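S.K.: So here's structure_20.txt (compact mmCIF, C-alpha atoms and all ligand atoms).
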# COMPACT_ATOMS: atom_id res chain seq x y z
CA MET A 16 80.39 91.32 86.86
CA SER A 17 78.52 91.70 83.56
CA PHE A 18 79.41 94.06 80.69
CA GLU A 19 76.54 96.45 81.33
CA ASP A 20 77.77 97.04 84.91
CA THR A 21 78.53 100.72 85.32
CA ASP A 22 81.59 101.97 87.16
CA MET A 23 79.27 102.78 90.05
CA ASP A 24 78.02 99.17 90.22
CA ILE A 25 81.60 97.94 90.21
CA ILE A 26 82.62 100.30 93.01
CA GLU A 27 79.47 99.36 94.98
CA GLU A 28 80.42 95.72 94.66
CA GLN A 29 83.99 96.40 95.85
CA ILE A 30 82.72 98.47 98.79
CA LYS A 31 80.53 95.53 99.84
CA LYS A 32 83.50 93.18 99.45
CA ILE A 33 85.75 95.38 101.63
CA SER A 34 83.02 95.77 104.28
CA ARG A 35 82.55 91.98 104.40
CA MET A 36 86.31 91.56 104.85
CA LEU A 37 86.19 93.98 107.79
CA VAL A 38 83.16 92.33 109.43
CA ASN A 39 85.05 89.03 109.51
CA ALA A 40 88.40 90.60 110.43
CA LYS A 41 90.15 89.95 113.74
CA HIS A 42 93.11 92.28 113.08
CA ALA A 43 92.74 94.77 110.21
CA VAL A 44 95.55 97.17 109.28
CA VAL A 45 95.19 100.25 107.06
CA PHE A 46 98.18 101.50 105.01
CA THR A 47 97.93 105.04 103.65
CA GLY A 48 99.72 107.32 101.19
CA SER A 49 99.39 110.91 100.04
CA GLY A 50 96.15 110.21 98.16
CA ILE A 51 94.21 110.07 101.42
CA SER A 52 95.15 113.70 102.20
CA VAL A 53 94.25 115.18 98.81
CA ALA A 54 90.76 116.09 100.07
CA SER A 55 92.52 117.94 102.92
CA GLY A 56 94.28 120.13 100.37
CA ILE A 57 97.67 118.40 100.43
CA PRO A 58 99.04 117.53 96.95
CA THR A 59 100.22 114.03 96.03
CA PHE A 60 103.79 113.37 94.91
CA ARG A 61 102.97 111.53 91.67
CA GLY A 62 100.06 111.59 89.25
CA ALA A 63 98.55 114.60 87.46
CA ASP A 64 99.46 117.60 89.62
CA GLY A 65 101.91 115.74 91.85
CA LEU A 66 104.66 117.64 93.65
CA TRP A 67 107.35 115.75 91.72
CA MET A 68 106.03 117.29 88.50
CA ARG A 69 107.01 120.69 89.90
CA TRP A 70 109.92 119.93 92.22
CA ASN A 71 112.98 117.73 91.79
CA PRO A 72 112.82 115.17 94.65
CA GLU A 73 116.61 114.73 94.56
CA GLU A 74 116.97 118.48 95.23
CA VAL A 75 114.21 119.02 97.81
CA ALA A 76 113.57 115.63 99.41
CA SER A 77 116.95 113.86 99.55
CA ILE A 78 119.39 114.23 102.43
CA TYR A 79 122.15 115.11 99.93
CA GLY A 80 120.06 117.86 98.32
CA PHE A 81 119.04 119.18 101.74
CA LYS A 82 122.65 119.42 102.99
CA ARG A 83 123.69 121.08 99.70
CA ASN A 84 120.91 123.66 99.72
CA PRO A 85 118.57 123.77 102.74
CA ALA A 86 116.97 126.98 101.42
CA LYS A 87 115.60 125.04 98.41
CA PHE A 88 114.02 122.50 100.75
CA TRP A 89 112.36 125.24 102.83
CA GLU A 90 111.01 126.86 99.65
CA PHE A 91 109.43 123.48 98.77
CA ALA A 92 108.28 122.94 102.36
CA LYS A 93 106.34 126.22 102.20
CA GLU A 94 103.97 124.54 99.75
CA LEU A 95 103.52 121.64 102.20
CA ILE A 96 103.40 123.82 105.30
CA VAL A 97 100.51 125.93 104.13
CA LYS A 98 98.76 122.68 103.25
CA ALA A 99 99.87 120.85 106.37
CA LYS A 100 97.70 123.24 108.37
CA ALA A 101 95.00 121.19 106.70
CA SER A 102 92.43 119.26 108.69
CA PRO A 103 91.47 115.60 108.40
CA ASN A 104 88.86 114.62 105.80
CA PRO A 105 86.10 111.94 105.86
CA ALA A 106 88.61 109.26 104.84
CA HIS A 107 90.77 109.89 107.92
CA TYR A 108 87.68 109.92 110.16
CA ALA A 109 86.37 106.68 108.62
CA ILE A 110 89.63 104.91 109.53
CA ALA A 111 89.58 106.34 113.07
CA GLU A 112 85.98 105.06 113.41
CA LEU A 113 87.02 101.54 112.34
CA GLU A 114 89.70 101.63 115.05
CA GLU A 115 87.01 102.80 117.51
CA GLU A 116 84.85 99.84 116.40
CA GLY A 117 87.79 97.58 117.35
CA VAL A 118 88.43 96.20 113.86
CA VAL A 119 91.37 98.37 112.68
CA LYS A 120 94.30 97.75 115.03
CA ALA A 121 96.90 100.01 113.40
CA VAL A 122 97.36 102.62 110.69
CA ILE A 123 100.67 102.48 108.82
CA THR A 124 101.18 105.75 106.98
CA GLN A 125 103.77 107.14 104.56
CA ASN A 126 102.33 110.62 105.18
CA ILE A 127 104.02 113.25 107.34
CA ASP A 128 100.94 115.45 107.86
CA MET A 129 99.77 113.90 111.18
CA LEU A 130 96.14 114.00 109.94
CA HIS A 131 95.40 110.46 111.14
CA GLN A 132 96.17 111.52 114.72
CA SER A 133 94.09 114.69 114.33
CA ALA A 134 91.18 112.50 113.15
CA GLY A 135 91.45 110.41 116.33
CA SER A 136 93.46 107.37 115.21
CA LYS A 137 95.45 106.12 118.19
CA LYS A 138 97.95 103.61 116.79
CA VAL A 139 99.67 105.35 113.86
CA LEU A 140 103.01 104.10 112.55
CA GLU A 141 104.68 106.96 110.64
CA LEU A 142 107.11 105.20 108.30
CA HIS A 143 108.45 108.50 106.89
CA GLY A 144 108.36 110.46 110.14
CA SER A 145 106.36 113.65 110.51
CA MET A 146 106.56 117.44 110.58
CA SER A 147 106.40 117.34 114.40
CA TYR A 148 109.90 118.56 115.31
CA VAL A 149 112.86 120.17 113.56
CA ASP A 150 116.44 119.33 114.62
CA CYS A 151 119.58 121.40 114.07
CA LEU A 152 122.00 118.97 112.39
CA GLU A 153 124.99 120.96 113.74
CA CYS A 154 124.27 121.42 117.44
CA GLY A 155 121.27 119.14 117.99
CA LYS A 156 118.91 121.88 119.20
CA GLU A 157 115.28 120.71 118.83
CA TYR A 158 112.45 123.02 117.74
CA ASP A 159 108.67 122.51 117.62
CA TRP A 160 107.34 122.44 114.04
CA GLU A 161 104.83 125.24 114.74
CA TYR A 162 107.63 127.51 115.97
CA ILE A 163 109.68 127.01 112.78
CA GLU A 164 106.57 127.39 110.65
CA GLU A 165 106.00 130.87 112.08
CA ILE A 166 109.57 131.91 111.19
CA LEU A 167 109.22 130.36 107.73
CA LYS A 168 106.36 132.72 106.92
CA LYS A 169 108.92 135.54 106.96
CA LYS A 170 112.27 133.97 106.08
CA GLN A 171 114.34 130.80 105.97
CA PRO A 172 114.83 129.48 109.53
CA VAL A 173 118.37 129.28 110.99
CA CYS A 174 119.44 127.79 114.30
CA GLU A 175 119.19 130.31 117.15
CA VAL A 176 121.95 128.56 119.08
CA CYS A 177 124.65 128.02 116.45
CA GLY A 178 123.38 129.90 113.39
CA SER A 179 123.37 126.78 111.18
CA GLU A 180 121.00 126.63 108.19
CA LEU A 181 120.78 122.84 108.59
CA LEU A 182 117.48 122.73 110.44
CA LYS A 183 115.91 119.43 109.37
CA PRO A 184 112.33 118.35 110.06
CA ARG A 185 111.97 114.85 111.54
CA VAL A 186 110.87 113.36 108.20
CA VAL A 187 112.70 110.60 106.30
CA PHE A 188 114.44 112.08 103.26
CA PHE A 189 115.39 109.95 100.25
CA GLY A 190 118.75 108.41 101.10
CA GLU A 191 117.89 108.09 104.79
CA PRO A 192 116.89 104.90 106.59
CA LEU A 193 113.34 104.59 107.89
CA PRO A 194 113.06 104.66 111.72
CA PRO A 195 113.98 101.00 112.46
CA ASP A 196 111.57 100.55 115.36
CA VAL A 197 108.64 101.92 113.32
CA LEU A 198 109.53 99.81 110.27
CA SER A 199 109.85 96.61 112.28
CA GLU A 200 106.53 97.25 114.04
CA ALA A 201 104.89 97.95 110.65
CA MET A 202 106.29 94.66 109.30
CA GLU A 203 105.03 92.87 112.42
CA GLU A 204 101.54 94.37 111.93
CA SER A 205 101.61 93.35 108.24
CA ARG A 206 102.52 89.79 109.21
CA LYS A 207 99.86 89.37 111.89
CA CYS A 208 96.92 91.11 110.24
CA ASP A 209 94.14 89.19 108.49
CA VAL A 210 92.95 92.21 106.47
CA PHE A 211 95.30 94.82 104.92
CA ILE A 212 93.72 97.86 103.27
CA VAL A 213 95.79 100.28 101.14
CA VAL A 214 94.37 103.80 100.72
CA GLY A 215 95.79 106.45 98.38
CA SER A 216 99.23 105.13 97.53
CA SER A 217 100.98 104.43 94.21
CA LEU A 218 102.97 101.67 96.00
CA VAL A 219 106.24 102.60 94.25
CA VAL A 220 108.45 103.60 97.20
CA TYR A 221 110.27 100.89 99.17
CA PRO A 222 110.47 99.50 101.78
CA ALA A 223 106.91 100.81 102.47
CA ALA A 224 105.59 99.26 99.25
CA SER A 225 106.72 95.78 100.33
CA LEU A 226 104.21 95.69 103.21
CA PRO A 227 101.15 94.60 101.16
CA GLU A 228 103.10 91.55 99.91
CA ILE A 229 104.21 90.71 103.45
CA ALA A 230 100.54 90.77 104.52
CA LYS A 231 99.54 88.68 101.48
CA ARG A 232 102.24 86.08 102.20
CA SER A 233 100.96 85.85 105.79
CA GLY A 234 97.51 84.94 104.49
CA ALA A 235 95.76 88.31 104.86
CA LYS A 236 92.97 89.49 102.57
CA LEU A 237 94.02 92.63 100.67
CA ALA A 238 91.98 95.61 99.51
CA ILE A 239 93.02 98.86 97.83
CA VAL A 240 91.12 102.13 97.51
CA ASN A 241 92.97 104.35 95.02
CA LEU A 242 92.11 106.92 92.37
CA GLU A 243 94.28 105.24 89.72
CA PRO A 244 95.52 101.68 89.08
CA THR A 245 98.86 100.69 90.62
CA GLU A 246 101.45 98.10 89.52
CA LYS A 247 100.31 95.87 92.37
CA ASP A 248 96.53 95.80 91.86
CA HIS A 249 96.73 92.13 90.78
CA ILE A 250 97.65 90.99 94.31
CA PHE A 251 94.51 92.56 95.84
CA ASP A 252 91.29 90.68 96.60
CA ALA A 253 89.25 93.90 96.33
CA VAL A 254 90.13 96.96 94.19
CA ALA A 255 88.00 100.14 94.41
CA TYR A 256 89.04 102.89 91.97
CA GLY A 257 87.83 106.21 93.32
CA LYS A 258 88.25 108.90 95.94
CA ALA A 259 89.06 107.68 99.45
CA GLU A 260 87.02 110.50 100.99
CA GLU A 261 83.93 109.19 99.15
CA ILE A 262 84.54 105.43 99.32
CA LEU A 263 85.76 104.93 102.91
CA PRO A 264 82.67 106.48 104.59
CA GLN A 265 80.52 104.12 102.46
CA VAL A 266 82.67 101.17 103.56
CA VAL A 267 82.10 102.13 107.21
CA GLU A 268 78.31 102.54 106.65
CA GLU A 269 78.07 99.10 105.01
CA PHE A 270 80.35 97.61 107.72
CA LYS A 271 78.04 98.92 110.47
CA ARG A 272 74.95 97.70 108.58
CA LEU A 273 76.41 94.18 108.29
CA ARG A 274 77.47 94.18 111.94
CA ARG A 275 73.96 94.96 113.21
N1 LIG A 301 91.61 109.10 96.91
C1 LIG A 301 92.35 107.97 96.75
N2 LIG A 301 93.53 107.94 96.07
C2 LIG A 301 93.96 109.10 95.52
C3 LIG A 301 93.23 110.32 95.64
C4 LIG A 301 92.01 110.28 96.37
N3 LIG A 301 91.25 111.38 96.54
N4 LIG A 301 93.92 111.29 94.97
C5 LIG A 301 95.04 110.71 94.47
N5 LIG A 301 95.06 109.40 94.79
C6 LIG A 301 96.07 108.39 94.49
C7 LIG A 301 96.85 108.63 93.21
O1 LIG A 301 96.18 108.00 92.12
C8 LIG A 301 98.18 107.95 93.52
O2 LIG A 301 98.22 106.61 93.04
O3 LIG A 301 97.03 108.45 95.53
C9 LIG A 301 98.26 107.94 95.04
C10 LIG A 301 99.37 108.83 95.59
O4 LIG A 301 100.59 108.29 95.16
P1 LIG A 301 101.93 109.09 95.48
O5 LIG A 301 101.76 110.53 95.16
O6 LIG A 301 103.06 108.32 94.88
O7 LIG A 301 102.03 109.04 97.08
P2 LIG A 301 102.61 107.91 97.99
O8 LIG A 301 102.28 106.55 97.46
O9 LIG A 301 102.18 108.24 99.36
O10 LIG A 301 104.20 108.15 97.86
C11 LIG A 301 105.03 107.40 98.71
O11 LIG A 301 106.90 108.72 97.98
O12 LIG A 301 107.80 110.77 97.52
C12 LIG A 301 107.74 109.78 98.46
O13 LIG A 301 108.09 110.00 100.75
C13 LIG A 301 107.15 110.30 99.73
O14 LIG A 301 105.70 109.15 101.28
C14 LIG A 301 105.90 109.46 99.91
C15 LIG A 301 106.22 108.21 99.11
ZN ZN A 302 122.31 124.66 116.01
If you convert what's in this file into structure tokens, what do you get?
Ligand code: APR
Ligand code: ZN

M.R.:
Amino acid sequence: MSFEDTDMDIIEEQIKKISRMLVNAKHAVVFTGSGISVASGIPTFRGADGLWMRWNPEEVASIYGFKRNPAKFWEFAKELIVKAKASPNPAHYAIAELEEEGVVKAVITQNIDMLHQSAGSKKVLELHGSMSYVDCLECGKEYDWEYIEEILKKKQPVCEVCGSELLKPRVVFFGEPLPPDVLSEAMEESRKCDVFIVVGSSLVVYPAASLPEIAKRSGAKLAIVNLEPTEKDHIFDAVAYGKAEEILPQVVEEFKRLRR
């Protein structure tokens, strides 16, 4: 890399590096965060216009805050819900294509928007759950997300069986454990992969953020595609600063060119 290299040259070089990693990979794993869904209209949590700049996570995303004031959570969720009707973007499709090509064996995501599945990814490990179902914490009644979303357009949802306000979506709130089976499978995938690619995550929330190191310790090659630097960039073999929705399709193009 010489001084006159432009940012574009540097990104090009990293894209080539990531594609070469994938061509030689036997078991690649992709790990995603909220940054991959920005192009689908869903805001990130941190960074410039992140949700945590406008909402207090302790109040709207912790189990204590939720039990204290579920209405506050549902007000916050409205911002996500409208967005969560979003559709996958080229970054999600690129990852699904790499699974189709047989090189990506699993997606480990911190996201709750189910966009990987909508893009066609088959093996998706949702570390923080998803907005698929809503459970009444008092009587256990289960509701489909879509059903609750309809109600939320008009008012705060309450349980139709017992009247409780404590209707909680099946996402992992701060202060709650991650689903043990999903976490152990994600750790297993991180141990056995030979390529681990992070897309759109600030890598600050544990235990999710420990997975890249687990992969590294197991001898995997690491790559990260992120808009901004993270604290962990130094452990990566390839670092591409930019938008996932622009970079990942180029990685797939180069991967297919090399595989010909
Ligand atoms: N392409 C790639 N990366 C992007 C893009 C983009 N278009 N836009 C933003 N980013 C990057 C940001 O630079 C940031 O580093 O995505 C990252 C998103 O970081 P966070 O908002 O912290 O999201 P995430 O890492 O998923 O947060 C982890 O924190 O609040 C909890 O449970 C929540 O799952 C979430 C967890
Ligand atoms: Zn109930």

S.K.: Mind listing the residues within 6 Å of ligand ZN 302 (chain A), all atoms listed in the file counted, as a list in words?

M.R.: Cys151, Glu153, Cys154, Gly155, Lys156, Cys174, Val176, Cys177, Gly178 and Ser179 of chain A

S.K.: Could those selected residues go to a file with C-alpha atoms, as a PDB file, in the frame of the given file?

M.R.:
ATOM      1  CA  CYS A 151     119.580 121.400 114.070  1.00  0.00           C
ATOM      2  CA  GLU A 153     124.990 120.960 113.740  1.00  0.00           C
ATOM      3  CA  CYS A 154     124.270 121.420 117.440  1.00  0.00           C
ATOM      4  CA  GLY A 155     121.270 119.140 117.990  1.00  0.00           C
ATOM      5  CA  LYS A 156     118.910 121.880 119.200  1.00  0.00           C
ATOM      6  CA  CYS A 174     119.440 127.790 114.300  1.00  0.00           C
ATOM      7  CA  VAL A 176     121.950 128.560 119.080  1.00  0.00           C
ATOM      8  CA  CYS A 177     124.650 128.020 116.450  1.00  0.00           C
ATOM      9  CA  GLY A 178     123.380 129.900 113.390  1.00  0.00           C
ATOM     10  CA  SER A 179     123.370 126.780 111.180  1.00  0.00           C
TER      11      SER A 179
END

S.K.: Between A:Tyr221, A:Tyr79, A:Trp67, A:Phe46, which residue has the minimum interatomic distance to Ala121 of chain A, considering only C-alpha atoms?

M.R.: A:Phe46

S.K.: Between A:Val186, A:Val210, A:Val118, A:Ala101, which one has atoms that come closest to ligand LIG 301 (chain A), using all atoms listed in the file?

M.R.: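 Checking each candidate against ligand LIG 301 (chain A), we get A:Val186 as the closest.
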
S.K.: Which one of A:Trp89, A:Tyr148, A:Tyr162, A:Tyr256 sits closest to ligand LIG 301 (chain A) if you count all atoms listed in the file?

M.R.: A:Tyr256

S.K.: Looking at A:Ile33, A:Leu226, A:Val213, A:Leu113, which one is nearest to Ile239 of chain A, with distances taken over only C-alpha atoms?

M.R.: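 Smallest distance to Ile239 of chain A is found for A:Val213.
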
S.K.: Compare A:Val53, A:Ile212, A:Met146, A:Val44 by their minimum atom-to-atom distance to ligand LIG 301 (chain A), counting all atoms listed in the file, and give me the closest one.

M.R.: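 Answer, going by the shortest atom-to-atom distance: A:Val53.
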
S.K.: Find the residues near Val139 of chain A: any atom within 12 Å, counting all atoms listed in the file, skip ones fewer than 5 places away on the same chain, and give them as a PyMOL selection string.

M.R.: chain A and resi 44-47+107+110-111+114+119-134+144-145+197-198+200-201+204

S.K.: Here is a test: counting all atoms listed in the file, which residue of A:Leu140, A:Ala76, A:Leu237, A:Cys208 is nearest to ligand LIG 301 (chain A)?

M.R.: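 Checking each of A:Leu140, A:Ala76, A:Leu237, A:Cys208 against ligand LIG 301 (chain A), counting all atoms listed in the file, the winner is A:Ala76.
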
S.K.: Let me have the centre and edge lengths of the axis-aligned box enclosing all listed atoms of segment 46-61 of chain A with 5 Å padding on every side, in Å to one decimal, as JSON.

M.R.:
{"center_x": 97.3, "center_y": 110.8, "center_z": 98.3, "size_x": 23.0, "size_y": 28.6, "size_z": 23.3}

S.K.: I'd like the interatomic distance between atom C10 of ligand LIG 301 (chain A) and atom CA of Ala224 of chain A, to a tenth of an Å.

M.R.: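 So the answer is 12.0 Å.
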
S.K.: Taking all atoms listed in the file into account, produce a table as a Markdown table in which each residue of chain A with an atom at most 7 Å from an atom of ligand LIG 301 (chain A) appears once, together with its shortest atom pair and the distance in Å to one decimal, ordered by chain and rising number.

M.R.:
| residue | atom | partner | partner_atom | distance |
| --- | --- | --- | --- | --- |
| A:Thr47 | CA | A:LIG301 | O9 | 6.8 |
| A:Gly48 | CA | A:LIG301 | O9 | 3.2 |
| A:Ser49 | CA | A:LIG301 | O9 | 3.9 |
| A:Gly50 | CA | A:LIG301 | O3 | 3.3 |
| A:Ile51 | CA | A:LIG301 | N1 | 5.3 |
| A:Val53 | CA | A:LIG301 | N3 | 5.3 |
| A:Ala54 | CA | A:LIG301 | N3 | 5.9 |
| A:Thr59 | CA | A:LIG301 | O5 | 3.9 |
| A:Phe60 | CA | A:LIG301 | O5 | 3.5 |
| A:Arg61 | CA | A:LIG301 | O5 | 3.8 |
| A:Gly62 | CA | A:LIG301 | C7 | 5.9 |
| A:Gly65 | CA | A:LIG301 | O5 | 6.2 |
| A:Gln125 | CA | A:LIG301 | O14 | 4.3 |
| A:Asn126 | CA | A:LIG301 | O14 | 5.4 |
| A:His143 | CA | A:LIG301 | O14 | 6.3 |
| A:Val214 | CA | A:LIG301 | C1 | 6.1 |
| A:Gly215 | CA | A:LIG301 | N2 | 3.6 |
| A:Ser216 | CA | A:LIG301 | O8 | 3.4 |
| A:Ser217 | CA | A:LIG301 | O2 | 3.7 |
| A:Leu218 | CA | A:LIG301 | O8 | 5.1 |
| A:Val219 | CA | A:LIG301 | O8 | 6.4 |
| A:Val220 | CA | A:LIG301 | C11 | 5.3 |
| A:Val240 | CA | A:LIG301 | C1 | 6.0 |
| A:Asn241 | CA | A:LIG301 | N2 | 3.8 |
| A:Leu242 | CA | A:LIG301 | N2 | 4.1 |
| A:Glu243 | CA | A:LIG301 | O1 | 4.1 |
| A:Pro244 | CA | A:LIG301 | O2 | 6.9 |
| A:Thr245 | CA | A:LIG301 | O2 | 6.4 |
| A:Gly257 | CA | A:LIG301 | C1 | 5.9 |
| A:Lys258 | CA | A:LIG301 | N1 | 3.5 |
| A:Ala259 | CA | A:LIG301 | N1 | 3.9 |
| A:Glu260 | CA | A:LIG301 | N3 | 6.2 |

S.K.: Pick out the residues sitting within 9 Å of Pro85 of chain A, and hand them over as a ChimeraX atom specification; count all atoms listed in the file, and ignore anything fewer than 2 positions along from it in its own chain.

M.R.: /A:75,80-83,87-90,171,180-183

S.K.: Write the residues of the selection above to a file with C-alpha atoms, as a PDB file, in the frame of the given file.

M.R.:
ATOM      1  CA  VAL A  75     114.210 119.020  97.810  1.00  0.00           C
ATOM      2  CA  GLY A  80     120.060 117.860  98.320  1.00  0.00           C
ATOM      3  CA  PHE A  81     119.040 119.180 101.740  1.00  0.00           C
ATOM      4  CA  LYS A  82     122.650 119.420 102.990  1.00  0.00           C
ATOM      5  CA  ARG A  83     123.690 121.080  99.700  1.00  0.00           C
ATOM      6  CA  LYS A  87     115.600 125.040  98.410  1.00  0.00           C
ATOM      7  CA  PHE A  88     114.020 122.500 100.750  1.00  0.00           C
ATOM      8  CA  TRP A  89     112.360 125.240 102.830  1.00  0.00           C
ATOM      9  CA  GLU A  90     111.010 126.860  99.650  1.00  0.00           C
ATOM     10  CA  GLN A 171     114.340 130.800 105.970  1.00  0.00           C
ATOM     11  CA  GLU A 180     121.000 126.630 108.190  1.00  0.00           C
ATOM     12  CA  LEU A 181     120.780 122.840 108.590  1.00  0.00           C
ATOM     13  CA  LEU A 182     117.480 122.730 110.440  1.00  0.00           C
ATOM     14  CA  LYS A 183     115.910 119.430 109.370  1.00  0.00           C
TER      15      LYS A 183
END

S.K.: Put segment 58-73 of chain A into a file with N, CA and C atoms, as a PDB file, in the first residue's frame.

M.R.:
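Output contents, as saved in decode13.pdb:
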ATOM      1  N   PRO A  58     -32.437   1.949  11.599  1.00  0.00           N
ATOM      2  CA  PRO A  58     -31.318   2.709  12.190  1.00  0.00           C
ATOM      3  C   PRO A  58     -30.383   1.821  13.001  1.00  0.00           C
ATOM      4  N   THR A  59     -29.121   2.249  13.126  1.00  0.00           N
ATOM      5  CA  THR A  59     -28.188   1.529  14.015  1.00  0.00           C
ATOM      6  C   THR A  59     -28.448   1.984  15.445  1.00  0.00           C
ATOM      7  N   PHE A  60     -27.763   1.319  16.383  1.00  0.00           N
ATOM      8  CA  PHE A  60     -27.912   1.687  17.802  1.00  0.00           C
ATOM      9  C   PHE A  60     -26.908   2.775  18.165  1.00  0.00           C
ATOM     10  N   ARG A  61     -25.689   2.642  17.626  1.00  0.00           N
ATOM     11  CA  ARG A  61     -24.608   3.578  17.986  1.00  0.00           C
ATOM     12  C   ARG A  61     -24.173   4.320  16.722  1.00  0.00           C
ATOM     13  N   GLY A  62     -23.249   5.259  16.885  1.00  0.00           N
ATOM     14  CA  GLY A  62     -22.809   6.024  15.709  1.00  0.00           C
ATOM     15  C   GLY A  62     -23.761   7.199  15.511  1.00  0.00           C
ATOM     16  N   ALA A  63     -23.510   7.975  14.498  1.00  0.00           N
ATOM     17  CA  ALA A  63     -24.145   9.286  14.246  1.00  0.00           C
ATOM     18  C   ALA A  63     -25.617   9.327  14.635  1.00  0.00           C
ATOM     19  N   ASP A  64     -26.502   8.715  13.887  1.00  0.00           N
ATOM     20  CA  ASP A  64     -27.929   8.893  14.236  1.00  0.00           C
ATOM     21  C   ASP A  64     -28.473   7.606  14.881  1.00  0.00           C
ATOM     22  N   GLY A  65     -27.612   6.996  15.703  1.00  0.00           N
ATOM     23  CA  GLY A  65     -28.006   5.739  16.348  1.00  0.00           C
ATOM     24  C   GLY A  65     -29.171   5.915  17.308  1.00  0.00           C
ATOM     25  N   LEU A  66     -29.913   4.829  17.486  1.00  0.00           N
ATOM     26  CA  LEU A  66     -31.106   4.859  18.350  1.00  0.00           C
ATOM     27  C   LEU A  66     -30.752   5.271  19.776  1.00  0.00           C
ATOM     28  N   TRP A  67     -29.539   4.865  20.238  1.00  0.00           N
ATOM     29  CA  TRP A  67     -29.201   5.172  21.628  1.00  0.00           C
ATOM     30  C   TRP A  67     -28.836   6.631  21.832  1.00  0.00           C
ATOM     31  N   MET A  68     -28.828   7.405  20.713  1.00  0.00           N
ATOM     32  CA  MET A  68     -28.644   8.864  20.868  1.00  0.00           C
ATOM     33  C   MET A  68     -29.995   9.489  21.200  1.00  0.00           C
ATOM     34  N   ARG A  69     -31.086   8.724  20.858  1.00  0.00           N
ATOM     35  CA  ARG A  69     -32.418   9.319  21.048  1.00  0.00           C
ATOM     36  C   ARG A  69     -33.230   8.602  22.121  1.00  0.00           C
ATOM     37  N   TRP A  70     -32.823   7.379  22.432  1.00  0.00           N
ATOM     38  CA  TRP A  70     -33.571   6.596  23.433  1.00  0.00           C
ATOM     39  C   TRP A  70     -32.586   6.102  24.490  1.00  0.00           C
ATOM     40  N   ASN A  71     -33.064   5.957  25.714  1.00  0.00           N
ATOM     41  CA  ASN A  71     -32.205   5.444  26.776  1.00  0.00           C
ATOM     42  C   ASN A  71     -32.343   3.920  26.801  1.00  0.00           C
ATOM     43  N   PRO A  72     -31.265   3.180  26.431  1.00  0.00           N
ATOM     44  CA  PRO A  72     -31.388   1.718  26.324  1.00  0.00           C
ATOM     45  C   PRO A  72     -31.853   1.073  27.635  1.00  0.00           C
ATOM     46  N   GLU A  73     -31.451   1.675  28.777  1.00  0.00           N
ATOM     47  CA  GLU A  73     -31.853   1.088  30.064  1.00  0.00           C
ATOM     48  C   GLU A  73     -33.381   1.132  30.184  1.00  0.00           C
TER      49      GLU A  73
END
